[in-house]
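> Input structure: work23.txt, which contains compact mmCIF, N, CA and C atoms.
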# COMPACT_ATOMS: atom_id res chain seq x y z
N MET A 1 111.92 98.20 133.69
CA MET A 1 110.76 98.08 132.83
C MET A 1 110.43 96.60 132.67
N SER A 2 109.14 96.27 132.78
CA SER A 2 108.74 94.88 132.63
C SER A 2 108.44 94.56 131.17
N LYS A 3 108.45 93.28 130.86
CA LYS A 3 108.12 92.82 129.52
C LYS A 3 106.63 92.52 129.44
N LEU A 4 106.06 92.62 128.25
CA LEU A 4 104.65 92.32 128.06
C LEU A 4 104.33 90.90 128.52
N THR A 5 105.22 89.96 128.25
CA THR A 5 104.97 88.57 128.63
C THR A 5 104.83 88.40 130.14
N GLU A 6 105.40 89.32 130.91
CA GLU A 6 105.29 89.25 132.37
C GLU A 6 103.92 89.67 132.86
N THR A 7 103.09 90.24 131.99
CA THR A 7 101.74 90.66 132.38
C THR A 7 100.68 89.63 132.05
N VAL A 8 101.05 88.57 131.33
CA VAL A 8 100.08 87.55 130.94
C VAL A 8 99.76 86.67 132.15
N GLN A 9 98.47 86.49 132.39
CA GLN A 9 98.01 85.72 133.53
C GLN A 9 97.52 84.35 133.08
N THR A 10 97.59 83.39 133.97
CA THR A 10 97.10 82.04 133.70
C THR A 10 96.16 81.64 134.82
N GLY A 11 95.52 80.54 134.65
CA GLY A 11 94.63 80.04 135.69
C GLY A 11 93.86 78.84 135.16
N ASP A 12 92.96 78.37 135.96
CA ASP A 12 92.12 77.24 135.59
C ASP A 12 90.83 77.79 135.00
N TRP A 13 90.53 77.47 133.73
CA TRP A 13 89.35 78.02 133.07
C TRP A 13 88.05 77.61 133.73
N SER A 14 88.06 76.51 134.51
CA SER A 14 86.81 76.08 135.15
C SER A 14 86.52 76.87 136.42
N SER A 15 87.48 77.67 136.88
CA SER A 15 87.24 78.49 138.07
C SER A 15 87.53 79.97 137.84
N GLU A 16 87.97 80.34 136.67
CA GLU A 16 88.31 81.73 136.37
C GLU A 16 87.71 82.10 135.02
N LYS A 17 86.89 83.14 134.98
CA LYS A 17 86.13 83.48 133.78
C LYS A 17 86.93 84.19 132.69
N HIS A 18 88.23 84.37 132.85
CA HIS A 18 89.04 85.06 131.85
C HIS A 18 89.95 84.14 131.04
N VAL A 19 90.23 82.96 131.56
CA VAL A 19 91.16 82.02 130.92
C VAL A 19 90.49 81.37 129.71
N PRO A 20 91.13 81.41 128.54
CA PRO A 20 90.52 80.76 127.38
C PRO A 20 90.56 79.24 127.52
N GLU A 21 89.42 78.62 127.34
CA GLU A 21 89.32 77.17 127.33
C GLU A 21 89.65 76.70 125.92
N ILE A 22 90.45 75.67 125.80
CA ILE A 22 90.82 75.12 124.49
C ILE A 22 90.29 73.70 124.40
N ASP A 23 89.58 73.40 123.34
CA ASP A 23 89.27 72.01 123.06
C ASP A 23 89.45 71.78 121.57
N PHE A 24 89.73 70.54 121.24
CA PHE A 24 89.98 70.20 119.83
C PHE A 24 89.61 68.76 119.59
N GLU A 25 89.37 68.45 118.33
CA GLU A 25 89.07 67.08 117.93
C GLU A 25 89.50 66.86 116.50
N SER A 26 89.95 65.64 116.22
CA SER A 26 90.29 65.28 114.85
C SER A 26 89.01 65.09 114.06
N VAL A 27 89.01 65.61 112.84
CA VAL A 27 87.88 65.44 111.93
C VAL A 27 88.43 64.81 110.66
N GLU A 28 87.68 64.80 109.59
CA GLU A 28 88.07 64.09 108.36
C GLU A 28 89.36 64.63 107.72
N ASN A 29 90.04 63.76 106.99
CA ASN A 29 91.22 64.09 106.19
C ASN A 29 92.36 64.74 106.97
N GLY A 30 92.58 64.31 108.20
CA GLY A 30 93.70 64.82 108.99
C GLY A 30 93.52 66.21 109.54
N LYS A 31 92.33 66.77 109.43
CA LYS A 31 92.08 68.12 109.95
C LYS A 31 91.75 68.04 111.44
N VAL A 32 92.05 69.15 112.13
CA VAL A 32 91.75 69.26 113.55
C VAL A 32 90.89 70.50 113.75
N ARG A 33 89.75 70.32 114.43
CA ARG A 33 88.89 71.46 114.77
C ARG A 33 89.35 71.97 116.13
N ILE A 34 89.64 73.25 116.21
CA ILE A 34 90.10 73.87 117.45
C ILE A 34 89.08 74.93 117.86
N ARG A 35 88.72 74.91 119.15
CA ARG A 35 87.81 75.91 119.69
C ARG A 35 88.45 76.54 120.91
N ALA A 36 88.46 77.87 120.96
CA ALA A 36 88.94 78.61 122.12
C ALA A 36 87.79 79.51 122.57
N ALA A 37 87.43 79.41 123.83
CA ALA A 37 86.29 80.17 124.35
C ALA A 37 86.60 80.68 125.76
N VAL A 38 85.97 81.79 126.11
CA VAL A 38 86.10 82.35 127.46
C VAL A 38 84.72 82.36 128.09
N GLY A 39 84.62 81.87 129.32
CA GLY A 39 83.36 81.94 130.06
C GLY A 39 82.47 80.74 129.89
N THR A 40 83.03 79.59 129.54
CA THR A 40 82.22 78.39 129.37
C THR A 40 81.65 77.92 130.71
N GLU A 41 82.49 77.84 131.71
CA GLU A 41 82.05 77.39 133.04
C GLU A 41 81.49 78.54 133.87
N ILE A 42 82.20 79.66 133.89
CA ILE A 42 81.76 80.85 134.61
C ILE A 42 81.62 81.95 133.57
N GLU A 43 80.40 82.37 133.30
CA GLU A 43 80.14 83.32 132.23
C GLU A 43 80.80 84.67 132.49
N HIS A 44 81.41 85.21 131.46
CA HIS A 44 82.01 86.54 131.52
C HIS A 44 80.92 87.56 131.21
N PRO A 45 80.90 88.74 131.86
CA PRO A 45 79.82 89.70 131.65
C PRO A 45 79.65 90.19 130.20
N ASN A 46 80.76 90.47 129.52
CA ASN A 46 80.74 90.95 128.15
C ASN A 46 79.82 92.14 127.94
N THR A 47 79.91 93.08 128.86
CA THR A 47 79.19 94.35 128.73
C THR A 47 80.16 95.39 128.19
N LEU A 48 79.66 96.55 127.87
CA LEU A 48 80.52 97.63 127.39
C LEU A 48 81.60 97.95 128.41
N GLU A 49 81.26 97.88 129.68
CA GLU A 49 82.20 98.22 130.76
C GLU A 49 83.20 97.11 131.04
N HIS A 50 82.86 95.86 130.75
CA HIS A 50 83.71 94.73 131.12
C HIS A 50 83.51 93.62 130.09
N HIS A 51 84.48 93.44 129.19
CA HIS A 51 84.29 92.47 128.11
C HIS A 51 85.60 91.85 127.64
N ILE A 52 85.47 90.70 126.98
CA ILE A 52 86.58 90.07 126.28
C ILE A 52 86.61 90.70 124.89
N ALA A 53 87.70 91.35 124.56
CA ALA A 53 87.81 92.06 123.28
C ALA A 53 88.25 91.15 122.15
N TRP A 54 89.15 90.18 122.47
CA TRP A 54 89.64 89.28 121.42
C TRP A 54 90.22 88.00 121.99
N ILE A 55 90.32 87.01 121.11
CA ILE A 55 91.01 85.75 121.38
C ILE A 55 91.92 85.48 120.19
N LYS A 56 93.16 85.08 120.46
CA LYS A 56 94.10 84.66 119.43
C LYS A 56 94.54 83.23 119.74
N VAL A 57 94.72 82.44 118.68
CA VAL A 57 95.12 81.05 118.83
C VAL A 57 96.40 80.82 118.03
N PHE A 58 97.35 80.10 118.64
CA PHE A 58 98.65 79.82 118.03
C PHE A 58 98.91 78.31 118.09
N PHE A 59 99.76 77.83 117.18
CA PHE A 59 100.22 76.45 117.21
C PHE A 59 101.74 76.44 117.10
N LYS A 60 102.39 75.69 117.99
CA LYS A 60 103.84 75.51 117.93
C LYS A 60 104.11 74.02 117.79
N ALA A 61 104.59 73.63 116.61
CA ALA A 61 104.95 72.23 116.38
C ALA A 61 106.09 71.86 117.32
N GLU A 62 106.16 70.58 117.70
CA GLU A 62 107.16 70.14 118.68
C GLU A 62 108.60 70.41 118.24
N ASP A 63 108.85 70.49 116.95
CA ASP A 63 110.21 70.75 116.48
C ASP A 63 110.41 72.19 115.98
N ALA A 64 109.44 73.06 116.20
CA ALA A 64 109.52 74.44 115.72
C ALA A 64 110.12 75.35 116.78
N GLN A 65 110.73 76.42 116.33
CA GLN A 65 111.31 77.38 117.26
C GLN A 65 110.25 78.35 117.78
N PHE A 66 109.27 78.71 116.93
CA PHE A 66 108.29 79.71 117.30
C PHE A 66 106.87 79.22 117.00
N PRO A 67 105.89 79.74 117.74
CA PRO A 67 104.50 79.42 117.42
C PRO A 67 104.05 80.20 116.18
N VAL A 68 103.01 79.69 115.53
CA VAL A 68 102.41 80.34 114.36
C VAL A 68 100.99 80.73 114.74
N GLU A 69 100.60 81.98 114.48
CA GLU A 69 99.22 82.40 114.73
C GLU A 69 98.31 81.72 113.72
N ILE A 70 97.28 81.01 114.22
CA ILE A 70 96.38 80.30 113.32
C ILE A 70 94.97 80.89 113.32
N ALA A 71 94.65 81.72 114.30
CA ALA A 71 93.32 82.34 114.32
C ALA A 71 93.33 83.59 115.19
N SER A 72 92.47 84.52 114.83
CA SER A 72 92.30 85.74 115.60
C SER A 72 90.85 86.18 115.46
N SER A 73 90.17 86.34 116.59
CA SER A 73 88.77 86.75 116.56
C SER A 73 88.58 87.95 117.48
N GLU A 74 87.87 88.97 116.97
CA GLU A 74 87.51 90.14 117.77
C GLU A 74 86.03 90.08 118.09
N PHE A 75 85.67 90.55 119.28
CA PHE A 75 84.28 90.53 119.73
C PHE A 75 83.86 91.97 120.00
N THR A 76 82.86 92.43 119.30
CA THR A 76 82.54 93.86 119.33
C THR A 76 81.13 94.22 119.77
N ALA A 77 80.26 93.26 120.02
CA ALA A 77 78.91 93.57 120.50
C ALA A 77 78.89 93.42 122.01
N HIS A 78 78.78 94.54 122.71
CA HIS A 78 78.85 94.53 124.17
C HIS A 78 77.63 95.23 124.77
N GLY A 79 76.45 94.92 124.26
CA GLY A 79 75.22 95.46 124.83
C GLY A 79 74.43 96.37 123.92
N GLU A 80 74.99 96.73 122.77
CA GLU A 80 74.25 97.57 121.84
C GLU A 80 73.00 96.82 121.41
N ASP A 81 71.85 97.48 121.50
CA ASP A 81 70.57 96.87 121.10
C ASP A 81 70.33 95.53 121.80
N ASP A 82 70.81 95.40 123.04
CA ASP A 82 70.69 94.16 123.81
C ASP A 82 71.36 92.97 123.14
N LEU A 83 72.41 93.22 122.38
CA LEU A 83 73.18 92.18 121.72
C LEU A 83 74.53 92.05 122.42
N PHE A 84 74.86 90.83 122.85
CA PHE A 84 76.10 90.59 123.58
C PHE A 84 76.88 89.46 122.91
N THR A 85 78.13 89.72 122.58
CA THR A 85 78.99 88.70 121.98
C THR A 85 79.37 87.67 123.02
N ILE A 86 79.38 86.40 122.61
CA ILE A 86 79.90 85.32 123.45
C ILE A 86 81.28 85.00 122.89
N PRO A 87 82.35 85.23 123.66
CA PRO A 87 83.71 85.07 123.13
C PRO A 87 84.10 83.62 122.88
N CYS A 88 83.97 83.21 121.64
CA CYS A 88 84.29 81.85 121.22
C CYS A 88 84.80 81.90 119.79
N ALA A 89 85.92 81.26 119.54
CA ALA A 89 86.50 81.21 118.20
C ALA A 89 86.74 79.76 117.82
N THR A 90 86.31 79.37 116.63
CA THR A 90 86.50 78.01 116.16
C THR A 90 87.18 78.04 114.80
N GLY A 91 88.14 77.16 114.60
CA GLY A 91 88.82 77.07 113.32
C GLY A 91 89.37 75.67 113.11
N TYR A 92 89.90 75.45 111.93
CA TYR A 92 90.43 74.14 111.55
C TYR A 92 91.87 74.29 111.08
N ILE A 93 92.70 73.30 111.42
CA ILE A 93 94.07 73.26 110.91
C ILE A 93 94.35 71.85 110.40
N LYS A 94 95.37 71.75 109.61
CA LYS A 94 95.91 70.46 109.17
C LYS A 94 97.39 70.52 109.50
N ALA A 95 97.76 70.09 110.69
CA ALA A 95 99.11 70.28 111.19
C ALA A 95 100.07 69.20 110.73
N GLY A 96 99.70 67.95 110.82
CA GLY A 96 100.59 66.88 110.44
C GLY A 96 101.71 66.63 111.44
N LYS A 97 101.73 67.39 112.55
CA LYS A 97 102.75 67.24 113.57
C LYS A 97 102.12 67.39 114.95
N LYS A 98 102.79 66.82 115.93
CA LYS A 98 102.40 67.05 117.32
C LYS A 98 102.87 68.45 117.70
N GLY A 99 102.25 69.01 118.73
CA GLY A 99 102.68 70.32 119.18
C GLY A 99 101.76 70.86 120.26
N THR A 100 101.86 72.16 120.48
CA THR A 100 101.10 72.83 121.52
C THR A 100 100.21 73.90 120.91
N ILE A 101 98.96 73.90 121.34
CA ILE A 101 98.01 74.95 120.96
C ILE A 101 98.01 75.95 122.11
N TYR A 102 98.15 77.22 121.79
CA TYR A 102 98.09 78.29 122.78
C TYR A 102 96.91 79.19 122.45
N ALA A 103 96.21 79.65 123.48
CA ALA A 103 95.15 80.63 123.29
C ALA A 103 95.43 81.80 124.23
N LEU A 104 95.23 83.00 123.71
CA LEU A 104 95.45 84.23 124.46
C LEU A 104 94.18 85.06 124.35
N SER A 105 93.66 85.54 125.48
CA SER A 105 92.46 86.38 125.46
C SER A 105 92.78 87.70 126.14
N TYR A 106 91.97 88.73 125.78
CA TYR A 106 92.19 90.06 126.37
C TYR A 106 90.89 90.60 126.94
N CYS A 107 90.88 90.85 128.24
CA CYS A 107 89.77 91.49 128.94
C CYS A 107 90.12 92.96 129.12
N ASN A 108 89.18 93.84 128.79
CA ASN A 108 89.48 95.28 128.86
C ASN A 108 89.77 95.76 130.28
N ILE A 109 89.40 95.01 131.30
CA ILE A 109 89.67 95.41 132.69
C ILE A 109 90.80 94.57 133.30
N HIS A 110 90.82 93.26 133.02
CA HIS A 110 91.74 92.36 133.70
C HIS A 110 92.92 91.89 132.86
N GLY A 111 93.08 92.44 131.66
CA GLY A 111 94.28 92.19 130.88
C GLY A 111 94.33 90.89 130.11
N LEU A 112 95.57 90.41 129.92
CA LEU A 112 95.85 89.24 129.08
C LEU A 112 95.81 87.95 129.89
N TRP A 113 95.22 86.90 129.24
CA TRP A 113 95.11 85.58 129.87
C TRP A 113 95.52 84.52 128.87
N GLU A 114 96.19 83.48 129.34
CA GLU A 114 96.73 82.45 128.46
C GLU A 114 96.38 81.05 128.95
N ASN A 115 96.27 80.14 127.97
CA ASN A 115 96.11 78.73 128.27
C ASN A 115 96.79 77.95 127.15
N SER A 116 97.05 76.67 127.37
CA SER A 116 97.65 75.85 126.34
C SER A 116 97.13 74.42 126.44
N ALA A 117 97.25 73.68 125.35
CA ALA A 117 96.84 72.28 125.30
C ALA A 117 97.75 71.55 124.32
N GLU A 118 98.08 70.31 124.65
CA GLU A 118 98.96 69.51 123.81
C GLU A 118 98.15 68.81 122.72
N LEU A 119 98.61 68.93 121.48
CA LEU A 119 98.01 68.25 120.35
C LEU A 119 98.93 67.07 120.01
N ASN A 120 98.44 65.86 120.22
CA ASN A 120 99.26 64.66 119.99
C ASN A 120 98.86 63.95 118.73
Please lay out the structure from this file as structure tokens.


Amino acid sequence: MSKLTETVQTGDWSSEKHVPEIDFESVENGKVRIRAAVGTEIEHPNTLEHHIAWIKVFFKAEDAQFPVEIASSEFTAHGEDDLFTIPCATGYIKAGKKGTIYALSYCNIHGLWENSAELN
């Protein structure tokens, strides 16, 4: 039997429409704005038949044993009334430590996709 983690796929978000792109910037008072999006370079269809259902974002401080979930966004408009969700989640943290930001996305056809970025 395989583990769930063995099914998570990775890739380059600029050439694969399922990998969550992560970008972040420092803003006022030590806060960091984090954005995770799918389909920035190559648009994902996001139709009822083929869509990104959710994105989750985690942060693991460099001295921590486990990551902490910091955001979770579900996308539910997949063509109803000609309305299509664009899978993008933005949030703010105040970490105070260096670490790694992880983003995980789920496509209803192509499964789980992961990316990470270092927060220094």

> Just the helix (DSSP H, G or I) stuff from stretch 14-100 of chain A, please, per backbone DSSP, written as a list in words.

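Filtering stretch 14-100 of chain A down to helix (DSSP H, G or I) leaves Glu28, Asn29, Gly30, Glu80, Asp81 and Asp82 of chain A.
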
> So, counting all atoms listed in the file, which residue among A:Gly30, A:Leu48, A:Met1, A:Ala36 is closest to A:Ala77?

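For A:Ala77, the nearest of the candidates is A:Leu48.
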
> For the atom pair atom CA of A:Ser105 and atom CA of A:Val8, what is the interatomic distance in Å to one decimal place?

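Taking atom CA of A:Ser105 and atom CA of A:Val8, their separation equals 9.5 Å.
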
> Residues of stretch 39-102 of chain A in strand (DSSP E or B) according to DSSP, as a ChimeraX atom specification?

/A:52-61,68-74,78,84,88-93,99-102

> Atom CA of A:Leu104 to atom CA of A:Ser26: how many Å, to one decimal?

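Calculated distance between atom CA of A:Leu104 and atom CA of A:Ser26 is 21.9 Å.
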
> In Å, with one decimal, what is the gap from atom CA of A:Gln65 to atom N of A:Tyr102?

13.9 Å

> Around all listed atoms of stretch 2-18 of chain A, padded 6 Å per side, what centre and edge lengths does the axis-aligned box have in Å to one decimal, as AutoDock Vina command-line options?


--center_x 97.6 --center_y 86.2 --center_z 133.1 --size_x 35.0 --size_y 32.2 --size_z 22.0

> Nearest to A:His18 among A:His78, A:Arg33, A:His110, A:Lys60, with distances taken over only C-alpha atoms: which residue is it?

A:His110

> Near A:Ser72, within 5 Å and counting all atoms listed in the file, which residues show up once chain neighbours fewer than 6 positions away are dropped, as a PDB file with N, CA and C atoms, keeping the file's coordinate frame?


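So part-v3.pdb came out as:
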ATOM      1  N   ILE A  55      90.320  87.010 121.110  1.00  0.00           N
ATOM      2  CA  ILE A  55      91.010  85.750 121.380  1.00  0.00           C
ATOM      3  C   ILE A  55      91.920  85.480 120.190  1.00  0.00           C
ATOM      4  N   LYS A  56      93.160  85.080 120.460  1.00  0.00           N
ATOM      5  CA  LYS A  56      94.100  84.660 119.430  1.00  0.00           C
ATOM      6  C   LYS A  56      94.540  83.230 119.740  1.00  0.00           C
ATOM      7  N   VAL A  57      94.720  82.440 118.680  1.00  0.00           N
ATOM      8  CA  VAL A  57      95.120  81.050 118.830  1.00  0.00           C
ATOM      9  C   VAL A  57      96.400  80.820 118.030  1.00  0.00           C
TER      10      VAL A  57
END

> Between A:His51, A:Ala71, A:Gln9, A:Asn120, which is the closest to A:Thr100 once you count all atoms listed in the file?

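Checking each candidate against A:Thr100, we get A:Asn120 as the closest.
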
> Using all atoms listed in the file, which of A:His50, A:Asn115, A:Ile86, A:Ala64 sits nearest A:Trp13?

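Selected residue with least distance to A:Trp13: A:Asn115.
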